[in-house]
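Student: Pasting upload-v4.txt here (compact mmCIF, C-alpha atoms):
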```txt
# COMPACT_ATOMS: atom_id res chain seq x y z
CA MET A 1 0.00 0.00 0.00
CA ASN A 2 1.64 3.27 -1.08
CA GLU A 3 1.39 6.53 0.83
CA ILE A 4 -1.24 8.03 -1.45
CA GLY A 5 -3.41 4.94 -1.09
CA THR A 6 -3.09 5.06 2.68
CA ALA A 7 -4.03 8.75 2.83
CA ALA A 8 -7.02 8.15 0.56
CA LEU A 9 -8.25 5.24 2.67
CA LYS A 10 -7.86 7.26 5.84
CA ALA A 11 -9.87 10.18 4.45
CA LEU A 12 -12.67 7.87 3.33
CA LEU A 13 -12.76 5.96 6.60
CA GLN A 14 -12.88 9.20 8.58
CA ALA A 15 -15.75 10.43 6.42
CA ARG A 16 -17.76 7.37 7.56
CA VAL A 17 -16.34 7.06 11.04
CA GLU A 18 -19.66 6.79 12.86
CA SER A 19 -20.74 3.81 10.74
CA LEU A 20 -17.34 2.20 11.30
CA ALA A 21 -17.56 2.80 15.06
CA ARG A 22 -21.03 1.24 15.22
CA GLU A 23 -19.73 -1.86 13.43
CA LEU A 24 -16.49 -2.30 15.36
CA ALA A 25 -17.88 -1.39 18.80
CA PRO A 26 -21.61 -2.15 18.61
CA LYS A 27 -22.29 -1.91 22.35
CA GLY A 28 -22.14 1.85 22.51
CA LYS A 29 -23.87 5.13 21.80
CA LYS A 30 -23.09 8.52 20.37
CA CYS A 31 -22.26 11.13 23.01
CA GLY A 32 -21.41 14.49 21.47
CA LYS A 33 -18.24 14.07 19.46
CA TYR A 34 -17.51 10.55 20.75
CA TRP A 35 -18.78 7.01 20.30
CA MET A 36 -18.80 5.74 23.90
CA ALA A 37 -18.81 1.95 24.05
CA GLU A 38 -17.88 -1.20 25.87
CA ASN A 39 -14.50 -2.53 24.81
CA PRO A 40 -15.25 -5.11 22.09
CA THR A 41 -12.05 -7.08 22.74
CA ARG A 42 -12.64 -8.07 26.36
CA VAL A 43 -15.36 -8.60 28.95
CA ASP A 44 -16.52 -5.08 29.65
CA HIS A 45 -19.78 -3.83 31.15
CA HIS A 46 -19.03 -0.13 31.34
CA ALA A 47 -19.93 1.86 28.23
CA GLY A 48 -17.48 4.73 28.01
CA SER A 49 -14.38 2.84 29.09
CA PHE A 50 -13.69 2.59 25.36
CA TRP A 51 -14.28 5.59 23.10
CA ILE A 52 -13.85 6.53 19.47
CA ALA A 53 -13.65 10.16 18.33
CA LEU A 54 -16.22 11.11 15.72
CA ARG A 55 -14.87 14.64 15.31
CA GLY A 56 -11.56 16.36 15.85
CA VAL A 57 -9.34 13.46 14.74
CA PRO A 58 -12.06 11.04 13.54
CA GLY A 59 -11.30 7.42 14.35
CA SER A 60 -8.79 8.12 17.11
CA TRP A 61 -9.62 5.91 20.08
CA ARG A 62 -8.63 5.05 23.62
CA ASP A 63 -9.26 2.35 26.21
CA GLU A 64 -9.40 4.26 29.51
CA ALA A 65 -8.77 1.10 31.54
CA THR A 66 -5.51 0.13 29.84
CA GLY A 67 -4.32 3.31 28.14
CA ASP A 68 -4.28 1.62 24.71
CA LYS A 69 -4.93 4.15 21.94
CA GLY A 70 -4.32 4.83 18.27
CA ASP A 71 -5.62 6.16 14.97
CA ILE A 72 -8.35 4.82 12.73
CA PHE A 73 -6.14 2.10 11.23
CA GLY A 74 -5.03 1.15 14.72
CA LEU A 75 -8.70 0.91 15.69
CA ILE A 76 -9.32 -1.68 12.99
CA SER A 77 -6.22 -3.67 13.95
CA TYR A 78 -7.06 -3.48 17.65
CA VAL A 79 -10.60 -4.79 17.22
CA ARG A 80 -10.06 -7.26 14.37
CA GLY A 81 -6.48 -8.31 14.97
CA GLY A 82 -3.81 -8.28 12.30
CA ASP A 83 -1.28 -5.68 11.24
CA PHE A 84 -1.44 -2.43 9.29
CA ARG A 85 -1.62 -4.20 5.93
CA ASP A 86 -4.58 -6.27 7.16
CA ALA A 87 -6.31 -3.10 8.34
CA CYS A 88 -5.87 -1.49 4.93
CA GLU A 89 -7.29 -4.56 3.19
CA PHE A 90 -10.31 -4.51 5.51
CA ALA A 91 -10.77 -0.79 4.85
CA ARG A 92 -10.81 -1.27 1.07
CA SER A 93 -13.34 -4.06 1.37
CA TRP A 94 -15.53 -2.23 3.90
CA LEU A 95 -15.55 0.88 1.71
CA GLY A 96 -16.39 -1.17 -1.38
CA LEU A 97 -13.17 -0.18 -3.12
CA SER A 98 -11.44 -3.53 -3.49
CA ASP A 99 -11.65 -3.33 -7.28
CA ALA A 100 -11.90 0.43 -7.66
CA THR A 101 -9.76 2.28 -10.16
CA PRO A 102 -7.42 5.05 -9.00
CA GLN A 103 -9.72 7.53 -10.72
CA LYS A 104 -12.76 6.36 -8.75
CA ILE A 105 -10.82 6.47 -5.50
CA ALA A 106 -9.66 10.01 -6.30
CA ARG A 107 -13.25 11.10 -6.92
CA GLU A 108 -14.42 9.47 -3.69
CA VAL A 109 -11.67 11.16 -1.70
CA ALA A 110 -12.37 14.57 -3.24
CA GLN A 111 -16.05 14.25 -2.38
CA ALA A 112 -15.26 13.08 1.15
CA ARG A 113 -13.04 16.11 1.69
CA ARG A 114 -15.71 18.48 0.36
CA ASP A 115 -18.23 16.88 2.70
CA GLU A 116 -15.79 17.19 5.59
CA ASP A 117 -15.18 20.88 4.87
CA GLU A 118 -18.93 21.51 4.79
CA ARG A 119 -19.45 19.56 8.00
CA ARG A 120 -16.72 21.52 9.80
CA LYS A 121 -18.22 24.80 8.59
CA ASN A 122 -21.69 23.83 9.81
CA GLU A 123 -20.31 22.63 13.15
CA ALA A 124 -18.41 25.89 13.67
CA GLU A 125 -21.53 27.92 12.96
CA ASP A 126 -23.61 25.71 15.27
CA LEU A 127 -21.04 25.98 18.08
CA LYS A 128 -20.95 29.77 17.73
CA LYS A 129 -24.74 29.85 18.06
CA LYS A 130 -24.71 27.57 21.11
CA ARG A 131 -22.06 29.68 22.81
CA GLY A 132 -24.17 32.76 22.23
CA ILE A 133 -27.12 31.02 23.91
CA ALA A 134 -24.93 29.86 26.81
CA GLN A 135 -23.60 33.37 27.37
CA ALA A 136 -27.12 34.79 27.26
CA ARG A 137 -28.21 32.31 29.94
CA TRP A 138 -25.30 33.30 32.15
CA LEU A 139 -25.94 37.02 31.65
CA ALA A 140 -29.64 36.56 32.42
CA ALA A 141 -28.76 35.04 35.80
CA SER A 142 -28.24 37.29 38.82
CA SER A 143 -24.79 38.53 39.76
CA ASP A 144 -26.13 39.34 43.24
CA ILE A 145 -25.62 35.93 44.86
CA LEU A 146 -25.72 36.96 48.53
CA GLY A 147 -28.89 35.80 50.23
CA THR A 148 -29.81 33.37 47.46
CA VAL A 149 -30.01 29.57 47.41
CA ALA A 150 -26.52 29.56 45.85
CA ASP A 151 -25.19 31.58 48.79
CA THR A 152 -26.75 29.08 51.21
CA TYR A 153 -25.18 26.21 49.28
CA LEU A 154 -21.72 27.76 49.32
CA LEU A 155 -22.03 28.49 53.04
CA SER A 156 -22.85 24.80 53.56
CA ARG A 157 -19.49 24.07 51.90
CA GLY A 158 -17.69 26.48 54.22
CA ILE A 159 -17.43 29.22 51.57
CA ASP A 160 -18.57 32.66 52.72
CA LEU A 161 -18.55 35.05 49.77
CA ARG A 162 -18.60 37.96 52.24
CA CYS A 163 -15.00 37.13 53.13
CA PHE A 164 -13.77 38.02 49.65
CA ALA A 165 -12.32 41.48 49.09
CA ARG A 166 -14.39 41.55 45.89
CA MET A 167 -17.08 39.27 44.52
CA PRO A 168 -15.88 36.66 42.00
CA ARG A 169 -17.29 37.95 38.72
CA SER A 170 -17.58 34.56 37.05
CA LEU A 171 -20.39 33.35 39.36
CA ARG A 172 -24.14 33.95 38.98
CA PHE A 173 -27.37 32.55 40.38
CA ALA A 174 -30.34 31.23 38.39
CA PRO A 175 -33.48 30.48 40.44
CA GLU A 176 -34.72 28.15 37.69
CA ALA A 177 -32.35 26.20 35.43
CA TRP A 178 -33.71 23.45 33.19
CA HIS A 179 -32.45 19.92 33.84
CA ARG A 180 -33.42 17.70 30.94
CA GLU A 181 -32.89 14.33 32.63
CA SER A 182 -35.16 15.12 35.58
CA GLY A 183 -37.67 17.01 33.43
CA ARG A 184 -37.87 20.08 35.67
CA THR A 185 -36.06 23.21 36.78
CA TRP A 186 -33.77 23.60 39.78
CA PRO A 187 -31.98 26.56 41.33
CA ALA A 188 -28.41 26.64 40.08
CA LEU A 189 -25.00 28.21 40.46
CA LEU A 190 -23.84 29.30 37.00
CA SER A 191 -20.16 29.89 36.22
CA ALA A 192 -18.71 31.40 33.07
CA MET A 193 -16.07 29.31 31.29
CA VAL A 194 -13.87 31.47 29.12
CA GLY A 195 -10.86 31.23 26.86
CA ASP A 196 -10.16 34.17 24.57
CA SER A 197 -13.94 34.73 24.77
CA PHE A 198 -16.98 33.18 26.42
CA MET A 199 -17.05 29.44 25.64
CA ALA A 200 -19.46 27.61 27.95
CA VAL A 201 -21.62 27.79 31.05
CA HIS A 202 -20.91 25.51 34.01
CA THR A 203 -24.12 24.69 35.92
CA THR A 204 -24.29 23.24 39.42
CA PHE A 205 -27.89 22.22 40.17
CA LEU A 206 -28.90 22.86 43.79
CA ALA A 207 -31.45 21.57 46.25
CA PRO A 208 -34.35 24.07 46.66
CA ASP A 209 -33.22 24.95 50.19
CA GLY A 210 -29.54 25.21 49.25
CA SER A 211 -28.56 22.45 51.68
CA GLY A 212 -26.57 20.67 48.97
CA LYS A 213 -26.66 19.76 45.31
CA ALA A 214 -29.96 18.74 43.75
CA PRO A 215 -30.94 15.04 44.18
CA ILE A 216 -30.54 14.37 40.46
CA ASP A 217 -28.02 12.99 38.01
CA PRO A 218 -25.98 14.61 36.63
CA LYS A 219 -25.65 17.28 39.28
CA ARG A 220 -23.34 19.38 37.14
CA LYS A 221 -23.31 20.19 33.45
CA ILE A 222 -21.00 22.12 31.15
CA TRP A 223 -22.47 23.32 27.84
CA PRO A 224 -21.47 23.52 25.03
CA LEU A 225 -17.93 22.34 24.11
CA PHE A 226 -15.46 23.79 26.63
CA ALA A 227 -12.00 22.35 25.88
CA GLY A 228 -9.34 24.92 26.74
CA SER A 229 -11.64 27.17 28.76
CA ALA A 230 -11.70 27.75 32.51
CA ILE A 231 -13.71 29.47 35.21
CA HIS A 232 -11.64 32.50 36.22
CA ILE A 233 -12.49 32.42 39.90
CA TRP A 234 -9.91 34.84 41.31
CA ARG A 235 -7.52 37.37 39.82
CA GLY A 236 -4.90 37.18 42.55
CA GLU A 237 -3.00 40.05 44.09
CA THR A 238 -2.98 42.15 40.91
CA GLY A 239 -6.78 42.08 40.63
CA LEU A 240 -6.36 42.38 36.86
CA PRO A 241 -7.52 40.25 33.93
CA VAL A 242 -4.64 38.24 32.47
CA HIS A 243 -4.21 40.42 29.37
CA GLN A 244 -3.93 43.59 31.46
CA ALA A 245 -1.52 41.97 33.91
CA ALA A 246 0.66 40.80 31.01
CA LYS A 247 0.54 44.24 29.38
CA GLN A 248 1.82 45.80 32.57
CA GLY A 249 4.57 43.19 32.87
CA LEU A 250 3.15 41.73 36.09
CA TRP A 251 3.85 38.15 37.13
CA ASP A 252 1.72 35.82 39.22
CA ARG A 253 1.17 32.22 40.26
CA LEU A 254 -1.76 30.39 38.70
CA VAL A 255 -3.57 27.72 40.70
CA ILE A 256 -5.64 25.31 38.59
CA VAL A 257 -8.29 23.10 40.17
CA GLU A 258 -11.10 20.94 38.82
CA GLY A 259 -14.19 22.20 40.67
CA VAL A 260 -15.72 25.57 41.54
CA GLU A 261 -15.95 24.88 45.27
CA ASP A 262 -12.30 23.82 45.45
CA GLY A 263 -11.28 26.95 43.56
CA LEU A 264 -13.23 29.25 45.86
CA SER A 265 -11.67 27.51 48.88
CA ILE A 266 -8.16 28.13 47.52
CA ALA A 267 -8.99 31.75 46.74
CA LEU A 268 -10.16 32.30 50.31
CA ALA A 269 -7.07 30.69 51.80
CA CYS A 270 -4.53 32.17 49.35
CA PRO A 271 -5.94 35.37 47.82
CA GLU A 272 -2.52 36.24 46.41
CA PHE A 273 -2.88 33.44 43.82
CA ARG A 274 -4.77 33.62 40.55
CA VAL A 275 -7.26 30.72 40.62
CA TRP A 276 -8.95 28.94 37.70
CA ALA A 277 -11.28 25.93 37.68
CA ALA A 278 -11.08 23.67 34.62
CA GLY A 279 -14.35 21.80 35.16
CA SER A 280 -12.78 18.38 34.54
CA LEU A 281 -9.48 16.60 34.98
CA GLY A 282 -8.88 16.18 31.27
CA ASN A 283 -9.52 19.84 30.51
CA ILE A 284 -6.73 20.97 32.84
CA GLY A 285 -4.25 19.92 30.18
CA ASN A 286 -6.12 21.90 27.50
CA ILE A 287 -5.63 25.23 29.25
CA ARG A 288 -3.34 27.68 27.52
CA LEU A 289 -1.30 29.38 30.22
CA PRO A 290 -1.46 33.19 30.18
CA ARG A 291 1.68 35.23 29.64
CA CYS A 292 1.46 36.68 33.15
CA CYS A 293 1.69 33.18 34.66
CA GLY A 294 5.17 32.60 36.05
CA GLU A 295 4.43 29.21 37.54
CA VAL A 296 1.52 26.81 37.95
CA ILE A 297 0.17 24.91 40.92
CA VAL A 298 -2.23 22.09 40.08
CA CYS A 299 -4.43 21.03 42.99
CA ALA A 300 -4.98 17.31 42.52
CA ASP A 301 -8.04 15.60 43.95
CA ASN A 302 -7.22 12.67 46.21
CA ASP A 303 -9.77 10.50 44.40
CA TRP A 304 -7.63 10.54 41.25
CA GLN A 305 -5.95 7.32 42.42
CA LYS A 306 -7.41 4.82 39.96
CA PRO A 307 -4.95 3.81 37.23
CA ALA A 308 -6.88 5.54 34.43
CA ALA A 309 -7.20 8.80 36.41
CA MET A 310 -3.54 8.68 37.45
CA ALA A 311 -2.47 8.17 33.83
CA GLU A 312 -4.71 11.04 32.72
CA PHE A 313 -3.25 13.28 35.41
CA GLU A 314 0.28 12.54 34.22
CA ARG A 315 -0.75 13.45 30.67
CA VAL A 316 -2.30 16.67 31.96
CA LEU A 317 0.90 17.63 33.79
CA GLY A 318 2.94 16.86 30.70
CA ARG A 319 0.84 19.18 28.55
CA LEU A 320 1.17 22.01 31.05
CA LYS A 321 4.93 21.50 31.40
CA ALA A 322 5.26 21.60 27.63
CA GLN A 323 4.30 25.28 27.88
CA GLU A 324 7.67 25.82 29.62
CA ARG A 325 6.53 27.05 33.02
CA PRO A 326 7.35 25.45 36.37
CA VAL A 327 4.47 23.15 37.31
CA HIS A 328 3.89 21.99 40.90
CA VAL A 329 1.31 19.61 42.38
CA ALA A 330 -0.53 20.22 45.65
CA ARG A 331 -2.81 17.72 47.42
CA SER A 332 -5.18 18.19 50.31
CA PRO A 333 -3.89 16.58 53.53
CA ILE A 334 -7.42 15.33 54.29
CA GLY A 335 -10.53 14.37 52.34
CA LYS A 336 -10.91 14.62 48.60
CA ASP A 337 -9.84 18.21 47.96
CA PHE A 338 -9.07 21.54 49.60
CA ASN A 339 -12.74 22.31 50.15
CA ASP A 340 -12.74 19.39 52.60
CA VAL A 341 -9.95 21.16 54.51
CA LEU A 342 -12.04 24.33 54.65
CA GLN A 343 -15.09 22.44 55.89
CA ALA A 344 -12.99 20.64 58.51
CA LYS A 345 -11.65 23.95 59.81
CA ARG A 346 -15.18 25.33 59.99
CA GLY A 347 -16.30 22.26 61.93
CA ASN A 348 -13.45 22.69 64.42
CA ALA A 349 -14.03 26.42 64.84
```
Kindly present the structure from the file in structure tokens form.
Tutor:
Amino acid sequence: MNEIGTAALKALLQARVESLARELAPKGKKCGKYWMAENPTRVDHHAGSFWIALRGVPGSWRDEATGDKGDIFGLISYVRGGDFRDACEFARSWLGLSDATPQKIAREVAQARRDEDERRKNEAEDLKKKRGIAQARWLAASSDILGTVADTYLLSRGIDLRCFARMPRSLRFAPEAWHRESGRTWPALLSAMVGDSFMAVHTTFLAPDGSGKAPIDPKRKIWPLFAGSAIHIWRGETGLPVHQAAKQGLWDRLVIVEGVEDGLSIALACPEFRVWAAGSLGNIGNIRLPRCCGEVIVCADNDWQKPAAMAEFERVLGRLKAQERPVHVARSPIGKDFNDVLQAKRGNA
């Protein structure tokens, strides 16, 4: 198989990646830009432990339990056995191109690339629209959180917003936020997730009395796509947005956490640090460090001890270190995270 033939096969396979995913990993379902499935090569009862990308790099895949991963040809080899040549032969047969002329293959590839360009254009327009809706929802929520259900919830977690020198601007309160799975609205804490611009809204659904999170699943949602964004919880000792701090030549330490409550706890304890919440473990590694960031402290949750989570955390650290800043890791001495420390101190007060 020459290089041109390989590239052509790859383009055609990627154009039909969802059909290929359904065939190779039938015990699964489409979730956003992924096909989340049970691993077809072993006894597996947890859909999502094995995933195949439908967008981004179509056909890339990973087994979260073992760390095995690869491209679309590797996917075929992994599921069916055999080497790269066997995967190419399967691809030609599956695509109906075993006896196709070079001219037909060239036409098929050209059409697949046109379709892919159109799909990417439509997806970009759709994402822009969704982000506009998400921002409108966040702006429609109240920035006056004190005295609301969200305030009660944060107080139950040991977080008193009155102790901040200034209110975190990324947080808002919505008395009624729709939760599709439960079929009703719940009060919610809304947080803006931003990159160079507004990218997504992070929603924490709350119990009506604010005593905890709502008794539903999932209790948190981030919408729409948010890779690379973060909740800018605290601006540190400069009090400036990152672009203004960089313009003035100011330097600070950036603390990155997963959750909002953990981030607020760190900001209360160490107001000299800039604090961002990534929303998920995997997204920590997607964050582009600002120019004013001299070093990074990643606050690791103590429940990231399973092999898959530990491997993901190492990848996350590697991606941050690749941005050529010192990266340190901090762990809570008790509980799951630093919010547990805050709550313990409140209990002992």
Student: Can you work out which one of A:Arg114, A:Ala227, A:Ser211, A:Lys104 has the shortest atom-to-atom distance to A:Thr152, counting all atoms listed in the file?
Tutor: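 Using all atoms listed in the file, A:Thr152 sits closest to A:Ser211.
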Student: What does the structure give for the distance between atom CA of A:Asp262 and atom CA of A:Ala278, in Å to one decimal?
Tutor: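 If I compute the distance from atom CA of A:Asp262 to atom CA of A:Ala278, I get 10.9 Å.
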Student: Nearest to A:Gln343 among A:Arg172, A:Arg62, A:Arg157, A:Arg131, with distances taken over all atoms listed in the file: which residue is it?
Tutor: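 Among the listed residues, the smallest separation from A:Gln343 belongs to A:Arg157.
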Student: Could you check which of A:Gln305, A:Ser182, A:Gln248, A:Asn283 is closest to A:Ile222, using all atoms listed in the file?
Tutor: A:Asn283
Student: Within 9 Å of A:Gly263, counting all atoms listed in the file, which residues qualify if same-chain residues fewer than 6 places away don't, as a list in words?
Tutor: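 Residues meeting the cut-off are Ile233, Trp234, Val255, Ile256, Val257, Val275, Trp276, Ala277, Phe338 and Asn339 of chain A.
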Student: Taking into account all atoms listed in the file, which residue in the set A:Arg137, A:His202, A:Arg107, A:Arg253 is nearest to A:Arg274?
Tutor: A:Arg253
Student: Counting only C-alpha atoms, what are the residues of stretch 176-223 of chain A within 10 Å of stretch 139-145 of chain A, and for each of them which pair of atoms is the nearest and at what distance in Å, to one decimal? Sort the table by chain and rising number, as a Markdown table.
Tutor:
```
| residue | atom | partner | partner_atom | distance |
| --- | --- | --- | --- | --- |
| A:Glu176 | CA | A:Ala141 | CA | 9.3 |
| A:Ala177 | CA | A:Ala141 | CA | 9.5 |
| A:Ala188 | CA | A:Ala141 | CA | 9.4 |
| A:Leu189 | CA | A:Ile145 | CA | 8.9 |
| A:Leu190 | CA | A:Ala141 | CA | 7.7 |
| A:Ala192 | CA | A:Leu139 | CA | 9.3 |
```
Student: For A:Gln244, please output as an mmCIF file with C-alpha atoms, in the coordinates of the input all residues within 12 Å (counting only C-alpha atoms; exclusion window: fewer than 5 positions along the same chain).
Tutor:
```cif
data_model
loop_
_atom_site.group_PDB
_atom_site.id
_atom_site.type_symbol
_atom_site.label_atom_id
_atom_site.label_comp_id
_atom_site.auth_asym_id
_atom_site.auth_seq_id
_atom_site.Cartn_x
_atom_site.Cartn_y
_atom_site.Cartn_z
ATOM 1 C CA ARG A 235 -7.520 37.370 39.820
ATOM 2 C CA THR A 238 -2.980 42.150 40.910
ATOM 3 C CA GLY A 239 -6.780 42.080 40.630
ATOM 4 C CA GLY A 249 4.570 43.190 32.870
ATOM 5 C CA LEU A 250 3.150 41.730 36.090
ATOM 6 C CA TRP A 251 3.850 38.150 37.130
ATOM 7 C CA PRO A 290 -1.460 33.190 30.180
ATOM 8 C CA ARG A 291 1.680 35.230 29.640
ATOM 9 C CA CYS A 292 1.460 36.680 33.150
#
```
Student: Measure the distance from atom CA of A:Gly96 to atom CA of A:Ala8 in Å and round it to one decimal.
Tutor: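 Taking atom CA of A:Gly96 and atom CA of A:Ala8, their separation equals 13.4 Å.
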Student: Excluding A:Phe73 and residues on its chain fewer than 6 positions from it, collect all residues at most 9 Å away from it, counting all atoms listed in the file, and give them as a ChimeraX atom specification.
Tutor: /A:10,13,59-60,84,87-88,91
Student: Separation of atom CA of A:Ala330 and atom CA of A:Lys345, in Å?
Tutor: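 According to the coordinates, atom CA of A:Ala330 and atom CA of A:Lys345 are separated by 18.4 Å.
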Student: From the list A:Asp44, A:Asp151, A:Glu64, A:Glu261, which residue is nearest A:Met310 when using all atoms listed in the file?
Tutor: A:Glu64
Student: Using all atoms listed in the file, can you tell me which of A:Val149, A:Leu225, A:Phe50, A:Gly195 comes closest to A:Lys130?
Tutor: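 Ranking A:Val149, A:Leu225, A:Phe50, A:Gly195 by distance to A:Lys130, first place goes to A:Leu225.
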Student: Return as lines of an AutoDock Vina configuration file the box centre and box size in Å, one decimal, for an axis-aligned box around all listed atoms of stretch 159-174 of chain A padded by 4 Å per side.
Tutor:
```
center_x = -21.3
center_y = 35.4
center_z = 45.1
size_x = 26.0
size_y = 20.3
size_z = 24.1
```
Student: Please provide as a PyMOL selection string all residues within 12 Å of A:Ala344, with the sequence filter that same-chain residues fewer than 6 positions apart are discarded (counting only C-alpha atoms).
Tutor: chain A and resi 156-159+265+332-338
Student: Got a sec: who's within 10 Å of A:Asp196, counting only C-alpha atoms, leaving out chain neighbours fewer than 6 positions off, as a list of chain:residue names?
Tutor: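 My list of contacting residues is A:Gly228, A:Ser229, A:His243, A:Arg288.
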